[in-house]
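Accompanying notes for the structure given below.
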Amino acid sequence: MTEAHDVDIILKLWELANSTEAQRARLWMYGSFEARDYGDFQAKYPTGSREWHNFIHTCGMMELFGVLVNRQLVDEDLFFDLFGGLEILWARVKPVIVGMRQDIDPRLYENFELLVARCLAWKVAHPARV
């Protein structure tokens with residue numbers, strides 16, 4: 001891929017991540033989301049609720065990002081240099097996703113999980129510059 005192509009893709013991802021809906025969902029996930037496990041999630045945030053939508057929207061976006069990074073369709077250095085906090089989000093949702101996988105699909109949000117693993121490895125290889 002060309003550098004211009006990589007920049008175009010990363011800018012489109014930035015726009016997607018910073019849409020009003022995505023920002024609102026992500027802010028709720030980082031600030032207000034609390035669920036011990038999948039059962040707790042289902043009790044607090046019924047299917048179709050605003051909170052359920054925030055969870056699905058945010059995790060779905062991370063899954064999309066994971067597919068693109070894991071398949072090398074977006075430059076990993078550009079992506080991880082721009083998008084942060086993935087491991088914080090994953091830690092919050094992991095207990096819910098573990099239960100969802102048992103109940104719905106064992107591969108659910110696997111690219112999100114793989115994205116976080118790659119992100120952590122990238123951070124080791126690219127320490128903070130300041």
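To be explicit about the labels: the chains of the structure tokens are called A, B, and onward in the order shown, and within each one the residues are counted from 1, while ligands get numbers from 1 in the order they are shown.
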Within 10 Å of Gly85 of chain A, counting only C-alpha atoms, which residues qualify if same-chain residues fewer than 3 places away don't, as a list of chain:residue names?
A:Tyr30, A:Phe80, A:Ile88, A:Leu89, A:Trp90, A:Val116, A:Cys119
Hey, can you spit out that residue selection with N, CA, C and O atoms as an mmCIF file, in the first residue's frame?
data_model
loop_
_atom_site.group_PDB
_atom_site.id
_atom_site.type_symbol
_atom_site.label_atom_id
_atom_site.label_comp_id
_atom_site.auth_asym_id
_atom_site.auth_seq_id
_atom_site.Cartn_x
_atom_site.Cartn_y
_atom_site.Cartn_z
ATOM 1 N N TYR A 30 -16.281 4.050 28.764
ATOM 2 C CA TYR A 30 -15.143 4.348 29.630
ATOM 3 C C TYR A 30 -15.573 4.927 30.976
ATOM 4 O O TYR A 30 -14.897 4.729 31.981
ATOM 5 N N PHE A 80 -1.836 2.296 15.973
ATOM 6 C CA PHE A 80 -1.556 2.309 17.411
ATOM 7 C C PHE A 80 -0.961 3.632 17.883
ATOM 8 O O PHE A 80 -1.081 3.986 19.055
ATOM 9 N N ILE A 88 -7.575 -0.731 28.221
ATOM 10 C CA ILE A 88 -8.461 -0.293 29.305
ATOM 11 C C ILE A 88 -9.891 -0.711 28.976
ATOM 12 O O ILE A 88 -10.607 -1.270 29.820
ATOM 13 N N LEU A 89 -10.302 -0.456 27.758
ATOM 14 C CA LEU A 89 -11.644 -0.845 27.324
ATOM 15 C C LEU A 89 -11.804 -2.358 27.382
ATOM 16 O O LEU A 89 -12.815 -2.861 27.890
ATOM 17 N N TRP A 90 -10.805 -3.096 26.884
ATOM 18 C CA TRP A 90 -10.894 -4.561 26.888
ATOM 19 C C TRP A 90 -11.038 -5.099 28.308
ATOM 20 O O TRP A 90 -11.847 -5.993 28.557
ATOM 21 N N VAL A 116 -6.043 -5.949 20.919
ATOM 22 C CA VAL A 116 -5.476 -5.535 22.206
ATOM 23 C C VAL A 116 -4.134 -6.225 22.439
ATOM 24 O O VAL A 116 -3.171 -5.587 22.881
ATOM 25 N N CYS A 119 -1.673 -4.524 20.339
ATOM 26 C CA CYS A 119 -1.427 -3.192 20.883
ATOM 27 C C CYS A 119 -0.422 -3.258 22.037
ATOM 28 O O CYS A 119 0.509 -2.442 22.106
#
Contacts of Asp6 of chain A within 9 Å, only C-alpha atoms, excl. fewer than 5 positions in-chain, as a list in words:
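Listed by chain and then number, they are Met1, Leu11, Leu73, Val74, Asp75 and Leu78 of chain A.
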Grab the residues selected above and save them as a compact mmCIF listing (two decimals), in the first residue's frame with N, CA and C atoms.
# COMPACT_ATOMS: atom_id res chain seq x y z
N MET A 1 0.83 -1.19 0.00
CA MET A 1 0.00 0.00 0.00
C MET A 1 0.87 1.25 0.00
N LEU A 11 -7.55 8.19 8.29
CA LEU A 11 -8.44 9.35 8.44
C LEU A 11 -9.90 8.93 8.44
N LEU A 73 -4.54 -4.55 6.76
CA LEU A 73 -5.21 -3.67 5.80
C LEU A 73 -5.08 -2.21 6.20
N VAL A 74 -4.57 -1.98 7.40
CA VAL A 74 -4.25 -0.64 7.87
C VAL A 74 -2.89 -0.74 8.56
N ASP A 75 -2.08 0.27 8.40
CA ASP A 75 -0.74 0.26 8.96
C ASP A 75 -0.81 0.24 10.49
N LEU A 78 0.69 3.37 12.34
CA LEU A 78 -0.21 4.52 12.29
C LEU A 78 -1.39 4.32 13.23
Name all residues at most 12 Å from Met29 of chain A (count only C-alpha atoms; drop same-chain ones fewer than 6 positions away) and give them as a PDB file with N, CA, C and O atoms, in the first residue's frame.
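The new file around37.pdb reads:
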ATOM      1  N   ALA A  22     -20.470   7.492  17.963  1.00  0.00           N
ATOM      2  CA  ALA A  22     -19.331   6.715  18.460  1.00  0.00           C
ATOM      3  C   ALA A  22     -18.729   7.359  19.700  1.00  0.00           C
ATOM      4  O   ALA A  22     -18.369   6.662  20.659  1.00  0.00           O
ATOM      5  N   GLN A  23     -18.611   8.672  19.703  1.00  0.00           N
ATOM      6  CA  GLN A  23     -18.064   9.361  20.874  1.00  0.00           C
ATOM      7  C   GLN A  23     -18.953   9.156  22.090  1.00  0.00           C
ATOM      8  O   GLN A  23     -18.461   8.879  23.183  1.00  0.00           O
ATOM      9  N   ALA A  35     -20.314  -3.877  34.578  1.00  0.00           N
ATOM     10  CA  ALA A  35     -20.960  -5.193  34.574  1.00  0.00           C
ATOM     11  C   ALA A  35     -19.922  -6.221  34.991  1.00  0.00           C
ATOM     12  O   ALA A  35     -18.837  -6.282  34.417  1.00  0.00           O
ATOM     13  N   ARG A  50     -30.361   1.857  25.307  1.00  0.00           N
ATOM     14  CA  ARG A  50     -29.291   2.766  24.892  1.00  0.00           C
ATOM     15  C   ARG A  50     -27.934   2.218  25.342  1.00  0.00           C
ATOM     16  O   ARG A  50     -26.958   2.236  24.605  1.00  0.00           O
ATOM     17  N   GLU A  51     -27.865   1.717  26.564  1.00  0.00           N
ATOM     18  CA  GLU A  51     -26.609   1.188  27.100  1.00  0.00           C
ATOM     19  C   GLU A  51     -26.158  -0.056  26.333  1.00  0.00           C
ATOM     20  O   GLU A  51     -24.970  -0.211  26.048  1.00  0.00           O
ATOM     21  N   TRP A  52     -27.094  -0.926  26.020  1.00  0.00           N
ATOM     22  CA  TRP A  52     -26.781  -2.121  25.217  1.00  0.00           C
ATOM     23  C   TRP A  52     -26.221  -1.688  23.860  1.00  0.00           C
ATOM     24  O   TRP A  52     -25.218  -2.219  23.391  1.00  0.00           O
ATOM     25  N   HIS A  53     -26.866  -0.693  23.257  1.00  0.00           N
ATOM     26  CA  HIS A  53     -26.409  -0.180  21.967  1.00  0.00           C
ATOM     27  C   HIS A  53     -24.996   0.402  22.088  1.00  0.00           C
ATOM     28  O   HIS A  53     -24.152   0.178  21.209  1.00  0.00           O
ATOM     29  N   ASN A  54     -24.717   1.141  23.150  1.00  0.00           N
ATOM     30  CA  ASN A  54     -23.377   1.697  23.355  1.00  0.00           C
ATOM     31  C   ASN A  54     -22.323   0.593  23.400  1.00  0.00           C
ATOM     32  O   ASN A  54     -21.248   0.713  22.808  1.00  0.00           O
ATOM     33  N   PHE A  55     -22.635  -0.480  24.106  1.00  0.00           N
ATOM     34  CA  PHE A  55     -21.715  -1.620  24.219  1.00  0.00           C
ATOM     35  C   PHE A  55     -21.484  -2.248  22.851  1.00  0.00           C
ATOM     36  O   PHE A  55     -20.335  -2.444  22.426  1.00  0.00           O
ATOM     37  N   ILE A  56     -22.574  -2.569  22.160  1.00  0.00           N
ATOM     38  CA  ILE A  56     -22.477  -3.234  20.856  1.00  0.00           C
ATOM     39  C   ILE A  56     -21.763  -2.340  19.844  1.00  0.00           C
ATOM     40  O   ILE A  56     -20.917  -2.801  19.066  1.00  0.00           O
ATOM     41  N   HIS A  57     -22.081  -1.056  19.851  1.00  0.00           N
ATOM     42  CA  HIS A  57     -21.459  -0.120  18.920  1.00  0.00           C
ATOM     43  C   HIS A  57     -19.948  -0.033  19.161  1.00  0.00           C
ATOM     44  O   HIS A  57     -19.156  -0.130  18.215  1.00  0.00           O
ATOM     45  N   THR A  58     -19.562   0.136  20.401  1.00  0.00           N
ATOM     46  CA  THR A  58     -18.143   0.292  20.728  1.00  0.00           C
ATOM     47  C   THR A  58     -17.367  -0.992  20.471  1.00  0.00           C
ATOM     48  O   THR A  58     -16.303  -0.963  19.842  1.00  0.00           O
ATOM     49  N   CYS A  59     -17.873  -2.117  20.935  1.00  0.00           N
ATOM     50  CA  CYS A  59     -17.168  -3.383  20.713  1.00  0.00           C
ATOM     51  C   CYS A  59     -17.150  -3.746  19.232  1.00  0.00           C
ATOM     52  O   CYS A  59     -16.153  -4.282  18.732  1.00  0.00           O
ATOM     53  N   GLY A  85      -5.842   3.424  24.561  1.00  0.00           N
ATOM     54  CA  GLY A  85      -6.810   3.023  25.571  1.00  0.00           C
ATOM     55  C   GLY A  85      -7.528   1.724  25.292  1.00  0.00           C
ATOM     56  O   GLY A  85      -8.486   1.373  25.980  1.00  0.00           O
ATOM     57  N   LEU A  86      -7.050   0.979  24.298  1.00  0.00           N
ATOM     58  CA  LEU A  86      -7.734  -0.262  23.926  1.00  0.00           C
ATOM     59  C   LEU A  86      -7.715  -1.288  25.051  1.00  0.00           C
ATOM     60  O   LEU A  86      -8.712  -1.970  25.299  1.00  0.00           O
ATOM     61  N   ILE A  88      -7.575  -0.731  28.221  1.00  0.00           N
ATOM     62  CA  ILE A  88      -8.461  -0.293  29.305  1.00  0.00           C
ATOM     63  C   ILE A  88      -9.891  -0.711  28.976  1.00  0.00           C
ATOM     64  O   ILE A  88     -10.607  -1.270  29.820  1.00  0.00           O
ATOM     65  N   LEU A  89     -10.302  -0.456  27.758  1.00  0.00           N
ATOM     66  CA  LEU A  89     -11.644  -0.845  27.324  1.00  0.00           C
ATOM     67  C   LEU A  89     -11.804  -2.358  27.382  1.00  0.00           C
ATOM     68  O   LEU A  89     -12.815  -2.861  27.890  1.00  0.00           O
ATOM     69  N   TRP A  90     -10.805  -3.096  26.884  1.00  0.00           N
ATOM     70  CA  TRP A  90     -10.894  -4.561  26.888  1.00  0.00           C
ATOM     71  C   TRP A  90     -11.038  -5.099  28.308  1.00  0.00           C
ATOM     72  O   TRP A  90     -11.847  -5.993  28.557  1.00  0.00           O
ATOM     73  N   ALA A  91     -10.301  -4.548  29.249  1.00  0.00           N
ATOM     74  CA  ALA A  91     -10.389  -5.011  30.637  1.00  0.00           C
ATOM     75  C   ALA A  91     -11.809  -4.819  31.185  1.00  0.00           C
ATOM     76  O   ALA A  91     -12.296  -5.647  31.973  1.00  0.00           O
ATOM     77  N   ARG A  92     -12.472  -3.760  30.766  1.00  0.00           N
ATOM     78  CA  ARG A  92     -13.829  -3.488  31.243  1.00  0.00           C
ATOM     79  C   ARG A  92     -14.851  -4.464  30.647  1.00  0.00           C
ATOM     80  O   ARG A  92     -15.808  -4.843  31.316  1.00  0.00           O
ATOM     81  N   VAL A  93     -14.669  -4.828  29.389  1.00  0.00           N
ATOM     82  CA  VAL A  93     -15.683  -5.640  28.706  1.00  0.00           C
ATOM     83  C   VAL A  93     -15.381  -7.130  28.693  1.00  0.00           C
ATOM     84  O   VAL A  93     -16.277  -7.941  28.422  1.00  0.00           O
TER      85      VAL A  93
END
Just checking: using only C-alpha atoms, which residue out of A:Pro127, A:Leu82, A:Ile97, A:Leu108 ends up closest to Val7 of chain A?
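Distance minimum relative to Val7 of chain A lands on A:Leu82.
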When you draw a straight line from atom CA of Val96 of chain A to atom CA of Asp37 of chain A, how long is it in Å?
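It comes out at 4.5 Å.
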Within 12 Å of Gln72 of chain A using only C-alpha atoms, minus same-chain residues under 4 positions, as a PyMOL selection string:
chain A and resi 1+6+9+65-68+76-79+115+118
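Proximity ranking of A:Phe112, A:Ser49, A:Asp81, A:Pro95 relative to Ala128 of chain A places A:Asp81 first, based on only C-alpha atoms.
If you look at atom CA of Ile104 of chain A and atom CA of Glu34 of chain A, they are 20.6 Å away from each other.
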Could you pull out all residues of segment 6-72 of chain A with a DSSP call of alpha helix (DSSP H) and give them as number ranges by chain?
A: 6-17, 20-31, 38-44, 50-70
